[in-house]
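Quick notes on the structure that follows.
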Amino acid sequence: MSLEYNHQQVASIIAAQQSRPGALLPILHDIQDALGFIPPDSVSQIASALNLSRAEVHGVITFYHHFRTTPPAKHTIQICCAEACQSMGAEQLVKHAEQRLAGSKQGECALQPVYCLGLCATSPAVMIGEELHARVTPEKFDRLLKRMGIKP
Amino acid sequence: MSIMIYVPRDSAALALDADAVAQAIRAEAARRNIDVKLVRNGSRGMLWLEPLVEVQTAKGRLAYGPVSPEDVVALFDANFQNGGKHALGLGLTEELTYLKRQERLTFARVGITDPLSLDDYLAHDGYQGLRNALTMQAADIVQLVTESGLRGRGGAAFPTGIKWKTVLNAAAAQKYIVCNADEGDSGTFADRMLMEGDPYVLIEGMTIAALAVGATQGYIYVRSEYPHSISVLNEAIAVARAAGYLGSNILNLGKSFELEVRKAAGAYVCGEETALLESLEGKRGIVRAKPPLPAIAGLFGKPTVINNVISLASVPIILAKGAAFYKDYGMGRSRGTLPFQLAGNIKQGGLIEMAFGITLRELLYDFGGGSASGRPIKAVQVGGPLGTYLPESQWDTPLDYEAYTALWAVLGHGGIVVHDDSADLARLARYAMKFCAIESCGKCTPCRIGATRGVEVMDKIIAGQDTPAQIELLRDLCDTMLNGSMCAMGGMTPYPVLSALNHFPKDFGLVNK
């Protein structure tokens, strides 16, 4: 898939980071933070700047769960599905969330599992964007959706 | 004089609206013309009480919690800012049994100080360890850490002093200190609480490690799921550098140490030390074959100390108070304290730093107060997603590295996840395989293929298809993973799977066992 992106912006991110040892991850983070994702077409630009093969850069992007190569939804909702949250009803929360978001507009909400947010004594835990929420009952989840302006 | 009010900035408190509570306190104080100084401290670790608001009084700090933004007006009406009575009042924080019974060495300051105030850190015995270290020979620092009995708190429990000695003795122009802050285990949050609640102690510990082995550059590899830890560390590093505690001439004594935070990218396997080093080098987090040990050929091929957050943060108190002081805590070959993290289905979850030797039953009931649901506790997973599920018959064994090894269990990073009797251990065993399949780095076959086959076998067992034959297959598969995997990811996934099977056979459809 070809997605337009600002080459100049990516070039300046690369230039700012490339002299650091092990620069690839910091560069990918900065690109994703700036653009919301890592455009697939930027792979060759990054690879040539760091003297890596495109396969190496592609391999790193796809190895890590954090990096994405398509634009994010307006809201990314991550529900922790690890053991501590499971013990407090995370599975039911995921089902509830799937039902609530089933009718939402394309590209509005992305529901993703995450494996531990470090809020294991106040589970179930949810991260919306970079905002954390703990002890999330289905009712609290609905309140959060309402606050985000999402109609269930 | 202004009244000091503490509202934690720890992630767990923030996830429960602590920012809104702080804002409401500021607004209400202003409305009533009350002069309040608000401190955003770390968490005391009594997480069922978060947000826990404290007020400084002549008698000491009084606790109120859990406080919601809607409670704030009533708290002021009750004159809580002067210690007035309110239904949320808990009394003196330090007198709460949950805290009072603890032995806080590594977490001595967490929840008490303003995490970013260097003055606060210094006023609470901060940087005494480094001051002592600066007067010592490198080999003597290593010797002291060895004598303290400190073992790696990340999970492997390797003696820290021996690791440091290997790096000290390795000749190289460049050496590194790497802090493993990729705390991915479910049920653990000690690293996070420490980084957010007392970042300077980690910085001090890493600086001492650098002096001990002759390293000049350090990296803290923090998981991307911990944005607050990353920002607190970055701020603290800048303050420490400006005050001369980091940089090219530490405290004008000619020693140099630079420190940098690196953000991980959501791969559990990067908590494995060699995968972490690969990731720091900008590559996929693929496990390396050992030897060579990271102590000989680590980051960028150079001798590297790689330690967990809690290991490094325990070093300053050892240097400040001596090896004997630290070694005095604990039992057998498990010396000092471990910050246990009580999580999952538990009424009073939180951080409990105690000397080794306490039992699970004491943690579950004396501290935890039983399950959150009020139902009987069925199984407890100790040591993260690769840890054993322990049935009640094993809850009286002291928490000690060797005693747990004898149970075919691990203490790991001290995470304790509680499940009540509604838990289905077959489903949890399936989850363990699934987690391994998702997070495997893919380098070795037993882990990469074994975990996927494991999910399939568990699906058949859960569906009741040919159970005896599938159980035999599962045991055979676990044997291959245990003995054939390159690292703990595949090598320890059988711990939760087989312990669930052995202790809870009914859940697997085995009745006459």
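By convention here, the chains of the structure tokens are called A, B, ... in the order presented, each chain's residues are numbered starting at 1, and ligands are numbered starting at 1 in the order presented.
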
Given only C-alpha atoms, how would the per-residue table for stretch 178-295 of chain B near stretch 142-165 of chain B read, listing every residue at most 9 Å away with its closest atom pair and distance in Å to one decimal, sorted by chain and number, as a Markdown table?
| residue | atom | partner | partner_atom | distance |
| --- | --- | --- | --- | --- |
| B:Asn180 | CA | B:Gly154 | CA | 8.0 |
| B:Glu183 | CA | B:Gly154 | CA | 8.5 |
| B:Ala209 | CA | B:Trp164 | CA | 7.7 |
| B:Ala212 | CA | B:Val142 | CA | 5.9 |
| B:Val213 | CA | B:Trp164 | CA | 6.4 |
| B:Gly271 | CA | B:Gly154 | CA | 8.8 |
| B:Ala295 | CA | B:Lys163 | CA | 6.7 |

Legend entry - Distance query B:Met4 at most 8 Å, only C-alpha atoms, self and fewer than 4 positions along chain excluded, as a list of chain:residue names: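 Counting only C-alpha atoms, the residues come to B:Val36, B:Lys37, B:Leu38, B:Val39, B:Val55, B:Gln56.
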
Inset, instruction - Pick out the residues sitting within 10 Å of stretch 99-108 of chain A, and hand them over as JSON, numbers by chain; count only C-alpha atoms, and ignore anything fewer than 6 positions along from it in its own chain. - result: {"A": [71, 72, 73, 74, 75, 76, 93, 138, 141, 142, 145, 150, 151, 152]}

Give me, as JSON lines, the closest atom pair and its distance (Å, one decimal) for every residue of stretch 20-111 of chain A within a cut-off of 12 Å of stretch 187-196 of chain B, counting only C-alpha atoms, rows sorted by chain and rising number.
{"residue": "A:Cys80", "atom": "CA", "partner": "B:Gly187", "partner_atom": "CA", "distance": 11.5}
{"residue": "A:Cys81", "atom": "CA", "partner": "B:Gly187", "partner_atom": "CA", "distance": 11.7}
{"residue": "A:Ala82", "atom": "CA", "partner": "B:Gly187", "partner_atom": "CA", "distance": 8.4}
{"residue": "A:Glu83", "atom": "CA", "partner": "B:Gly187", "partner_atom": "CA", "distance": 7.4}
{"residue": "A:Ala84", "atom": "CA", "partner": "B:Gly187", "partner_atom": "CA", "distance": 5.7}
{"residue": "A:Cys85", "atom": "CA", "partner": "B:Gly187", "partner_atom": "CA", "distance": 8.7}
{"residue": "A:Gln86", "atom": "CA", "partner": "B:Gly187", "partner_atom": "CA", "distance": 10.9}
{"residue": "A:Ser87", "atom": "CA", "partner": "B:Gly187", "partner_atom": "CA", "distance": 10.7}

Would you pick out the contacts of B:Thr216 at 9 Å or less, using only C-alpha atoms, so that residues sharing its chain but fewer than 4 positions from it are not included, and give the list as an mmCIF file with N, CA and C atoms, in the first residue's frame?
data_model
loop_
_atom_site.group_PDB
_atom_site.id
_atom_site.type_symbol
_atom_site.label_atom_id
_atom_site.label_comp_id
_atom_site.auth_asym_id
_atom_site.auth_seq_id
_atom_site.Cartn_x
_atom_site.Cartn_y
_atom_site.Cartn_z
ATOM 1 N N GLN B 174 35.571 0.611 26.233
ATOM 2 C CA GLN B 174 34.206 1.073 26.504
ATOM 3 C C GLN B 174 33.415 -0.041 27.185
ATOM 4 N N LYS B 175 32.762 0.283 28.295
ATOM 5 C CA LYS B 175 31.851 -0.654 28.954
ATOM 6 C C LYS B 175 30.527 0.058 29.184
ATOM 7 N N TYR B 176 29.467 -0.743 29.349
ATOM 8 C CA TYR B 176 28.135 -0.163 29.501
ATOM 9 C C TYR B 176 27.419 -0.688 30.742
ATOM 10 N N ILE B 177 26.543 0.170 31.277
ATOM 11 C CA ILE B 177 25.573 -0.259 32.281
ATOM 12 C C ILE B 177 24.199 -0.167 31.619
ATOM 13 N N THR B 207 24.936 4.740 38.625
ATOM 14 C CA THR B 207 26.202 5.477 38.700
ATOM 15 C C THR B 207 27.217 4.690 39.532
ATOM 16 N N ALA B 210 28.523 1.921 37.497
ATOM 17 C CA ALA B 210 29.498 2.417 36.524
ATOM 18 C C ALA B 210 30.873 2.584 37.161
ATOM 19 N N LEU B 211 30.891 3.147 38.377
ATOM 20 C CA LEU B 211 32.169 3.299 39.089
ATOM 21 C C LEU B 211 32.780 1.929 39.379
ATOM 22 N N SER B 248 30.394 14.506 32.829
ATOM 23 C CA SER B 248 31.791 14.169 32.583
ATOM 24 C C SER B 248 32.679 14.367 33.818
ATOM 25 N N LYS B 255 35.214 11.599 37.727
ATOM 26 C CA LYS B 255 34.590 10.397 37.149
ATOM 27 C C LYS B 255 33.490 10.810 36.180
ATOM 28 N N SER B 256 33.286 9.973 35.160
ATOM 29 C CA SER B 256 32.308 10.329 34.130
ATOM 30 C C SER B 256 31.268 9.227 33.946
ATOM 31 N N PHE B 257 30.020 9.636 33.847
ATOM 32 C CA PHE B 257 28.952 8.677 33.532
ATOM 33 C C PHE B 257 27.782 9.410 32.893
ATOM 34 N N GLU B 258 27.436 8.978 31.680
ATOM 35 C CA GLU B 258 26.291 9.545 30.960
ATOM 36 C C GLU B 258 25.170 8.516 30.959
ATOM 37 N N LEU B 259 23.948 9.021 31.011
ATOM 38 C CA LEU B 259 22.806 8.122 31.141
ATOM 39 C C LEU B 259 21.692 8.566 30.199
#
